[in-house]
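File shown here: run_29.cif, holding mmCIF, C-alpha atoms, pLDDT in the B column; chains and numbers go by the auth columns.
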data_target
loop_
_atom_site.group_PDB
_atom_site.id
_atom_site.type_symbol
_atom_site.label_atom_id
_atom_site.label_comp_id
_atom_site.label_asym_id
_atom_site.label_seq_id
_atom_site.Cartn_x
_atom_site.Cartn_y
_atom_site.Cartn_z
_atom_site.B_iso_or_equiv
_atom_site.auth_seq_id
_atom_site.auth_asym_id
ATOM 1 C CA MET A 1 117.943 -37.408 49.783 91.00 6 J
ATOM 2 C CA LYS A 2 116.676 -40.484 47.993 96.00 7 J
ATOM 3 C CA THR A 3 117.067 -40.738 44.215 98.00 8 J
ATOM 4 C CA VAL A 4 114.275 -42.656 42.497 98.00 9 J
ATOM 5 C CA PHE A 5 114.993 -44.165 39.071 98.00 10 J
ATOM 6 C CA LEU A 6 111.990 -44.837 36.842 98.00 11 J
ATOM 7 C CA HIS A 7 112.612 -46.980 33.779 96.00 12 J
ATOM 8 C CA GLY A 8 111.123 -46.735 30.304 93.00 13 J
ATOM 9 C CA LEU A 9 108.499 -48.798 28.544 85.00 14 J
ATOM 10 C CA GLY A 10 110.162 -52.007 27.388 83.00 15 J
ATOM 11 C CA GLN A 11 112.842 -51.700 30.066 90.00 16 J
ATOM 12 C CA ASN A 12 113.129 -52.963 33.629 91.00 17 J
ATOM 13 C CA ALA A 13 114.772 -51.718 36.819 94.00 18 J
ATOM 14 C CA HIS A 14 118.124 -53.340 35.954 94.00 19 J
ATOM 15 C CA ASP A 15 118.507 -50.994 33.004 96.00 20 J
ATOM 16 C CA TRP A 16 119.566 -48.379 35.575 98.00 21 J
ATOM 17 C CA ASP A 17 122.366 -50.553 37.034 97.00 22 J
ATOM 18 C CA ALA A 18 125.164 -48.889 35.057 97.00 23 J
ATOM 19 C CA VAL A 19 123.974 -45.398 36.050 98.00 24 J
ATOM 20 C CA ILE A 20 123.645 -46.369 39.711 97.00 25 J
ATOM 21 C CA ASN A 21 127.120 -47.954 39.717 96.00 26 J
ATOM 22 C CA CYS A 22 128.680 -44.884 38.068 95.00 27 J
ATOM 23 C CA ALA A 23 126.935 -42.391 40.344 95.00 28 J
ATOM 24 C CA ALA A 24 127.558 -44.249 43.626 92.00 29 J
ATOM 25 C CA LEU A 25 124.687 -42.453 45.345 93.00 30 J
ATOM 26 C CA PRO A 26 124.002 -43.025 49.060 90.00 31 J
ATOM 27 C CA GLU A 27 120.305 -43.857 48.772 95.00 32 J
ATOM 28 C CA VAL A 28 118.408 -45.047 45.699 97.00 33 J
ATOM 29 C CA ASP A 29 115.132 -46.736 44.855 98.00 34 J
ATOM 30 C CA CYS A 30 114.468 -48.358 41.502 97.00 35 J
ATOM 31 C CA PRO A 31 110.984 -49.884 41.351 96.00 36 J
ATOM 32 C CA GLU A 32 109.790 -52.307 38.716 93.00 37 J
ATOM 33 C CA LEU A 33 107.007 -50.124 37.363 91.00 38 J
ATOM 34 C CA LEU A 34 104.777 -52.873 36.034 85.00 39 J
ATOM 35 C CA ALA A 35 104.920 -54.642 39.397 86.00 40 J
ATOM 36 C CA LEU A 36 103.205 -51.600 40.928 87.00 41 J
ATOM 37 C CA THR A 37 100.050 -52.203 38.906 78.00 42 J
ATOM 38 C CA LYS A 38 99.187 -55.672 40.209 69.00 43 J
ATOM 39 C CA GLU A 39 97.031 -57.074 37.434 65.00 44 J
ATOM 40 C CA GLU A 40 95.540 -53.946 35.897 68.00 45 J
ATOM 41 C CA GLY A 41 98.599 -52.865 33.911 80.00 46 J
ATOM 42 C CA THR A 42 97.514 -49.337 32.986 91.00 47 J
ATOM 43 C CA TYR A 43 99.216 -45.970 33.303 94.00 48 J
ATOM 44 C CA SER A 44 96.777 -44.796 35.985 93.00 49 J
ATOM 45 C CA ALA A 45 97.495 -47.934 38.010 93.00 50 J
ATOM 46 C CA ILE A 46 101.260 -47.291 37.838 94.00 51 J
ATOM 47 C CA ILE A 47 100.999 -43.676 38.995 96.00 52 J
ATOM 48 C CA MET A 48 98.712 -44.780 41.820 95.00 53 J
ATOM 49 C CA GLY A 49 101.279 -47.433 42.731 95.00 54 J
ATOM 50 C CA LEU A 50 104.013 -44.791 42.889 96.00 55 J
ATOM 51 C CA GLU A 51 101.843 -42.560 45.057 97.00 56 J
ATOM 52 C CA LYS A 52 101.275 -45.450 47.448 96.00 57 J
ATOM 53 C CA ARG A 53 104.968 -46.423 47.484 97.00 58 J
ATOM 54 C CA TYR A 54 106.097 -42.946 48.547 97.00 59 J
ATOM 55 C CA ALA A 55 103.047 -41.900 50.586 97.00 60 J
ATOM 56 C CA ASP A 56 104.900 -42.098 53.910 95.00 61 J
ATOM 57 C CA THR A 57 108.222 -40.754 52.651 93.00 62 J
ATOM 58 C CA LYS A 58 109.308 -37.707 54.642 91.00 63 J
ATOM 59 C CA GLU A 59 112.591 -36.933 52.897 91.00 64 J
ATOM 60 C CA PRO A 60 112.569 -35.079 49.559 92.00 65 J
ATOM 61 C CA LEU A 61 112.832 -37.231 46.450 98.00 66 J
ATOM 62 C CA ARG A 62 114.970 -36.667 43.397 98.00 67 J
ATOM 63 C CA LEU A 63 113.170 -38.317 40.476 98.00 68 J
ATOM 64 C CA CYS A 64 115.109 -39.520 37.450 98.00 69 J
ATOM 65 C CA GLY A 65 113.014 -41.031 34.689 98.00 70 J
ATOM 66 C CA LEU A 66 113.415 -42.170 31.108 98.00 71 J
ATOM 67 C CA SER A 67 110.543 -42.092 28.602 94.00 72 J
ATOM 68 C CA LEU A 68 107.573 -43.646 30.458 94.00 73 J
ATOM 69 C CA GLY A 69 109.556 -43.103 33.657 97.00 74 J
ATOM 70 C CA ALA A 70 110.073 -39.427 32.784 98.00 75 J
ATOM 71 C CA ILE A 71 106.358 -39.005 32.146 97.00 76 J
ATOM 72 C CA LEU A 72 105.620 -40.613 35.527 97.00 77 J
ATOM 73 C CA ALA A 73 108.206 -38.401 37.252 98.00 78 J
ATOM 74 C CA LEU A 74 106.661 -35.277 35.732 98.00 79 J
ATOM 75 C CA ASP A 75 103.133 -36.405 36.600 98.00 80 J
ATOM 76 C CA TYR A 76 104.118 -37.310 40.174 98.00 81 J
ATOM 77 C CA THR A 77 105.725 -33.877 40.619 98.00 82 J
ATOM 78 C CA ILE A 78 102.610 -32.108 39.360 98.00 83 J
ATOM 79 C CA ARG A 79 100.527 -34.106 41.856 97.00 84 J
ATOM 80 C CA HIS A 80 102.969 -33.963 44.787 97.00 85 J
ATOM 81 C CA LYS A 81 105.323 -31.028 44.271 96.00 86 J
ATOM 82 C CA GLU A 82 105.971 -30.810 48.011 96.00 87 J
ATOM 83 C CA LYS A 83 107.636 -34.246 47.920 97.00 88 J
ATOM 84 C CA VAL A 84 110.003 -33.601 45.002 98.00 89 J
ATOM 85 C CA ASP A 85 113.366 -31.872 45.410 97.00 90 J
ATOM 86 C CA SER A 86 114.432 -32.062 41.754 98.00 91 J
ATOM 87 C CA LEU A 87 113.755 -33.774 38.440 98.00 92 J
ATOM 88 C CA ILE A 88 115.881 -35.382 35.743 98.00 93 J
ATOM 89 C CA LEU A 89 113.739 -36.106 32.702 98.00 94 J
ATOM 90 C CA ILE A 90 115.192 -38.161 29.834 98.00 95 J
ATOM 91 C CA GLY A 91 113.428 -38.484 26.473 96.00 96 J
ATOM 92 C CA VAL A 92 110.260 -36.962 27.898 95.00 97 J
ATOM 93 C CA GLN A 93 106.973 -36.034 26.250 93.00 98 J
ATOM 94 C CA ILE A 94 104.632 -33.373 27.646 94.00 99 J
ATOM 95 C CA LYS A 95 101.744 -34.569 25.502 92.00 100 J
ATOM 96 C CA VAL A 96 102.018 -38.175 24.423 84.00 101 J
ATOM 97 C CA PRO A 97 101.822 -38.342 20.614 77.00 102 J
ATOM 98 C CA THR A 98 98.992 -40.670 19.657 76.00 103 J
ATOM 99 C CA LEU A 99 100.699 -41.718 16.426 75.00 104 J
ATOM 100 C CA LEU A 100 103.860 -42.717 18.285 74.00 105 J
ATOM 101 C CA ILE A 101 101.858 -44.840 20.733 74.00 106 J
ATOM 102 C CA ASP A 102 99.935 -46.492 17.894 78.00 107 J
ATOM 103 C CA ILE A 103 103.159 -47.345 16.046 81.00 108 J
ATOM 104 C CA GLN A 104 104.674 -48.697 19.256 78.00 109 J
ATOM 105 C CA ASN A 105 101.611 -50.840 19.855 77.00 110 J
ATOM 106 C CA LEU A 106 101.773 -52.154 16.296 85.00 111 J
ATOM 107 C CA ILE A 107 105.388 -53.165 16.905 82.00 112 J
ATOM 108 C CA PHE A 108 104.398 -54.848 20.182 83.00 113 J
ATOM 109 C CA ARG A 109 101.654 -56.798 18.403 84.00 114 J
ATOM 110 C CA CYS A 110 104.175 -58.114 15.875 86.00 115 J
ATOM 111 C CA MET A 111 106.672 -59.210 18.525 84.00 116 J
ATOM 112 C CA PRO A 112 106.609 -62.797 19.845 86.00 117 J
ATOM 113 C CA LYS A 113 105.326 -63.295 23.401 84.00 118 J
ATOM 114 C CA LYS A 114 108.694 -64.592 24.594 81.00 119 J
ATOM 115 C CA ALA A 115 110.263 -61.194 23.799 79.00 120 J
ATOM 116 C CA PHE A 116 108.365 -59.725 26.746 78.00 121 J
ATOM 117 C CA LEU A 117 109.627 -62.256 29.306 72.00 122 J
ATOM 118 C CA ASP A 118 112.752 -60.234 30.178 67.00 123 J
ATOM 119 C CA MET A 119 110.525 -57.286 30.977 66.00 124 J
ATOM 120 C CA GLY A 120 108.532 -59.394 33.425 67.00 125 J
ATOM 121 C CA VAL A 121 105.256 -58.616 31.684 72.00 126 J
ATOM 122 C CA SER A 122 102.920 -60.292 29.247 79.00 127 J
ATOM 123 C CA LYS A 123 102.508 -59.071 25.694 84.00 128 J
ATOM 124 C CA GLU A 124 98.854 -58.258 26.409 82.00 129 J
ATOM 125 C CA SER A 125 99.765 -56.169 29.480 81.00 130 J
ATOM 126 C CA MET A 126 102.357 -54.188 27.527 80.00 131 J
ATOM 127 C CA ILE A 127 99.848 -53.391 24.786 84.00 132 J
ATOM 128 C CA ARG A 128 97.235 -52.412 27.398 84.00 133 J
ATOM 129 C CA LEU A 129 99.686 -50.133 29.190 85.00 134 J
ATOM 130 C CA SER A 130 100.817 -48.470 25.982 85.00 135 J
ATOM 131 C CA HIS A 131 97.213 -47.894 24.875 84.00 136 J
ATOM 132 C CA SER A 132 96.320 -46.374 28.265 88.00 137 J
ATOM 133 C CA MET A 133 98.843 -43.574 27.654 88.00 138 J
ATOM 134 C CA ARG A 134 97.253 -42.251 24.443 86.00 139 J
ATOM 135 C CA SER A 135 95.467 -39.274 26.044 87.00 140 J
ATOM 136 C CA LEU A 136 98.171 -38.063 28.456 93.00 141 J
ATOM 137 C CA ASP A 137 98.799 -34.310 28.323 95.00 142 J
ATOM 138 C CA PHE A 138 100.625 -32.469 31.121 96.00 143 J
ATOM 139 C CA THR A 139 100.772 -29.029 29.498 95.00 144 J
ATOM 140 C CA SER A 140 98.326 -27.386 31.916 96.00 145 J
ATOM 141 C CA GLY A 141 100.015 -28.927 34.959 97.00 146 J
ATOM 142 C CA LEU A 142 103.512 -27.592 34.245 97.00 147 J
ATOM 143 C CA LYS A 143 102.814 -24.502 36.357 96.00 148 J
ATOM 144 C CA GLU A 144 102.913 -26.815 39.397 96.00 149 J
ATOM 145 C CA VAL A 145 106.535 -27.784 38.733 97.00 150 J
ATOM 146 C CA LYS A 146 108.642 -25.451 40.885 96.00 151 J
ATOM 147 C CA CYS A 147 111.702 -27.605 41.568 98.00 152 J
ATOM 148 C CA PRO A 148 114.966 -27.613 39.562 98.00 153 J
ATOM 149 C CA VAL A 149 114.667 -29.648 36.352 98.00 154 J
ATOM 150 C CA LYS A 150 117.312 -31.125 34.074 98.00 155 J
ATOM 151 C CA ILE A 151 116.084 -32.366 30.704 98.00 156 J
ATOM 152 C CA LEU A 152 118.228 -34.832 28.770 98.00 157 J
ATOM 153 C CA CYS A 153 117.717 -36.043 25.232 98.00 158 J
ATOM 154 C CA GLY A 154 119.982 -37.885 22.838 97.00 159 J
ATOM 155 C CA GLU A 155 120.739 -35.951 19.672 96.00 160 J
ATOM 156 C CA LYS A 156 119.596 -39.019 17.694 96.00 161 J
ATOM 157 C CA ASP A 157 116.338 -39.376 19.659 96.00 162 J
ATOM 158 C CA ASN A 158 114.226 -37.848 16.899 93.00 163 J
ATOM 159 C CA ALA A 159 110.931 -38.903 18.487 90.00 164 J
ATOM 160 C CA ASN A 160 111.575 -36.872 21.667 94.00 165 J
ATOM 161 C CA LEU A 161 113.993 -34.091 20.738 96.00 166 J
ATOM 162 C CA LYS A 162 111.340 -31.532 19.795 95.00 167 J
ATOM 163 C CA ALA A 163 109.293 -32.203 22.956 95.00 168 J
ATOM 164 C CA SER A 164 112.412 -31.966 25.146 97.00 169 J
ATOM 165 C CA LYS A 165 113.290 -28.569 23.672 97.00 170 J
ATOM 166 C CA GLN A 166 109.692 -27.412 24.093 96.00 171 J
ATOM 167 C CA LEU A 167 109.661 -28.442 27.762 97.00 172 J
ATOM 168 C CA GLY A 168 112.949 -26.611 28.246 96.00 173 J
ATOM 169 C CA ARG A 169 111.275 -23.432 27.001 96.00 174 J
ATOM 170 C CA LEU A 170 108.119 -23.918 29.091 96.00 175 J
ATOM 171 C CA LEU A 171 109.960 -24.472 32.381 97.00 176 J
ATOM 172 C CA PRO A 172 112.124 -21.397 33.066 95.00 177 J
ATOM 173 C CA GLN A 173 114.139 -23.230 35.743 97.00 178 J
ATOM 174 C CA ALA A 174 115.017 -26.132 33.436 98.00 179 J
ATOM 175 C CA GLU A 175 118.434 -26.957 31.999 97.00 180 J
ATOM 176 C CA LEU A 176 118.389 -28.739 28.638 97.00 181 J
ATOM 177 C CA HIS A 177 121.194 -31.182 27.812 97.00 182 J
ATOM 178 C CA ILE A 178 121.372 -32.635 24.300 97.00 183 J
ATOM 179 C CA ILE A 179 123.675 -35.660 24.507 97.00 184 J
ATOM 180 C CA PRO A 180 125.931 -35.951 21.411 96.00 185 J
ATOM 181 C CA GLY A 181 125.767 -39.276 19.593 95.00 186 J
ATOM 182 C CA ALA A 182 123.147 -40.724 21.948 96.00 187 J
ATOM 183 C CA GLY A 183 119.797 -42.229 21.049 95.00 188 J
ATOM 184 C CA HIS A 184 116.770 -42.723 23.270 95.00 189 J
ATOM 185 C CA GLU A 185 118.060 -45.110 25.933 96.00 190 J
ATOM 186 C CA ILE A 186 120.716 -42.872 27.457 98.00 191 J
ATOM 187 C CA ASN A 187 120.778 -45.000 30.618 97.00 192 J
ATOM 188 C CA LYS A 188 122.241 -47.778 28.454 95.00 193 J
ATOM 189 C CA CYS A 189 124.354 -45.920 25.894 95.00 194 J
ATOM 190 C CA ALA A 190 125.711 -43.096 28.078 97.00 195 J
ATOM 191 C CA PRO A 191 125.210 -43.954 31.778 97.00 196 J
ATOM 192 C CA GLU A 192 128.249 -41.889 32.756 97.00 197 J
ATOM 193 C CA VAL A 193 126.552 -38.732 31.436 96.00 198 J
ATOM 194 C CA ILE A 194 123.535 -39.254 33.696 97.00 199 J
ATOM 195 C CA ALA A 195 125.812 -40.143 36.626 97.00 200 J
ATOM 196 C CA LYS A 196 127.765 -36.895 36.188 95.00 201 J
ATOM 197 C CA ILE A 197 124.555 -34.845 36.181 95.00 202 J
ATOM 198 C CA LEU A 198 123.358 -36.672 39.301 94.00 203 J
ATOM 199 C CA LYS A 199 126.601 -35.845 41.107 88.00 204 J
ATOM 200 C CA ASN A 200 126.446 -32.101 40.285 79.00 205 J
#

Would you give me this structure, written as structure tokens?
Amino acid sequence: MKTVFLHGLGQNAHDWDAVINCAALPEVDCPELLALTKEEGTYSAIIMGLEKRYADTKEPLRLCGLSLGAILALDYTIRHKEKVDSLILIGVQIKVPTLLIDIQNLIFRCMPKKAFLDMGVSKESMIRLSHSMRSLDFTSGLKEVKCPVKILCGEKDNANLKASKQLGRLLPQAELHIIPGAGHEINKCAPEVIAKILKN
């Protein structure tokens, strides 16, 4: 089984390195999400890029996503439940809060362009991508998620804690893990926790 790691907004594929090293999994894929969009740089372009990337995959996928990556993993599962063996969703939102996106975009607008270089994306593309997520709502599609689900959220991740608990209630097969002392980027602050869950 291949494990696919999907990074968060403002991250890149290397932010999963510590998790991958700890877990020592036999087969992994860790795409650079913004590279999947070519020049469009919108959420719909990324999900289409993921669909294309795994279109010919015969083996079941285990999707592990953080934030934007968790949203993509959930969306992909709703669209292609037959391809997904299990889900690990970290700091996930079922319905993207418009206010949170607007605040994030305001922060992006205030940041210098060079701050985006490590992410391999332009400032304009990041703002466009963030804006394209304002209307996402997967509530009605949750009935399509039949596979095992593990939901992780840092106890200090105030922006996503409520949504993580709500998703845990809405998916009867889900296990909710609140990570003590952790914030939003659990793949950076507690990679060993994710690795342990991946091994179980």

Legend entry - For J:Asn165: contacts at 7 Å, all atoms listed in the file, fewer than 4 positions along chain excluded, given as a list in words: Gly96, Val97, Gln98 and Ser169 of chain J

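Residues matching the PyMOL selection byres ((chain J and resi 192) around 9) in this structure come to His12, Asp20, Trp21, Asp22, Ala23, Val24, Leu71, Ile95, His189, Glu190, Ile191, Lys193, Cys194, Ala195, Pro196, Glu197, Val198 and Ile199 of chain J.
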
Inset, instruction - Report the residues retrieved by the PyMOL selection byres ((chain J and resi 32-43) around 9) from the displayed file, expressed as a ChimeraX atom specification. - result: /J:6-13,17-19,21,25,29-31,44-55,58,74,124-126,130-131,134

Legend entry - Result set, the PyMOL selection byres ((chain J and resi 142) around 12) on current file, as a list in words: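 Here the PyMOL selection byres ((chain J and resi 142) around 12) matches Ile76, Leu77, Leu79, Asp80, Ile83, Val97, Gln98, Ile99, Lys100, Val101, Pro102, Thr103, Met138, Arg139, Ser140, Leu141, Phe143, Thr144, Ser145, Gly146, Leu147 and Ala168 of chain J.
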
Take the residues that were just selected and, keeping C-alpha atoms, output them as a PDB file, in the coordinates of the input.
ATOM      1  CA  ILE J  76     106.358 -39.005  32.146  1.00 97.00           C
ATOM      2  CA  LEU J  77     105.620 -40.613  35.527  1.00 97.00           C
ATOM      3  CA  LEU J  79     106.661 -35.277  35.732  1.00 98.00           C
ATOM      4  CA  ASP J  80     103.133 -36.405  36.600  1.00 98.00           C
ATOM      5  CA  ILE J  83     102.610 -32.108  39.360  1.00 98.00           C
ATOM      6  CA  VAL J  97     110.260 -36.962  27.898  1.00 95.00           C
ATOM      7  CA  GLN J  98     106.973 -36.034  26.250  1.00 93.00           C
ATOM      8  CA  ILE J  99     104.632 -33.373  27.646  1.00 94.00           C
ATOM      9  CA  LYS J 100     101.744 -34.569  25.502  1.00 92.00           C
ATOM     10  CA  VAL J 101     102.018 -38.175  24.423  1.00 84.00           C
ATOM     11  CA  PRO J 102     101.822 -38.342  20.614  1.00 77.00           C
ATOM     12  CA  THR J 103      98.992 -40.670  19.657  1.00 76.00           C
ATOM     13  CA  MET J 138      98.843 -43.574  27.654  1.00 88.00           C
ATOM     14  CA  ARG J 139      97.253 -42.251  24.443  1.00 86.00           C
ATOM     15  CA  SER J 140      95.467 -39.274  26.044  1.00 87.00           C
ATOM     16  CA  LEU J 141      98.171 -38.063  28.456  1.00 93.00           C
ATOM     17  CA  PHE J 143     100.625 -32.469  31.121  1.00 96.00           C
ATOM     18  CA  THR J 144     100.772 -29.029  29.498  1.00 95.00           C
ATOM     19  CA  SER J 145      98.326 -27.386  31.916  1.00 96.00           C
ATOM     20  CA  GLY J 146     100.015 -28.927  34.959  1.00 97.00           C
ATOM     21  CA  LEU J 147     103.512 -27.592  34.245  1.00 97.00           C
ATOM     22  CA  ALA J 168     109.293 -32.203  22.956  1.00 95.00           C
TER      23      ALA J 168
END

Inset, instruction - Have a look at J:Pro177, J:Pro65, J:Pro153, J:Gly15 and name the one nearest to J:Lys128; count only C-alpha atoms. - result: J:Gly15
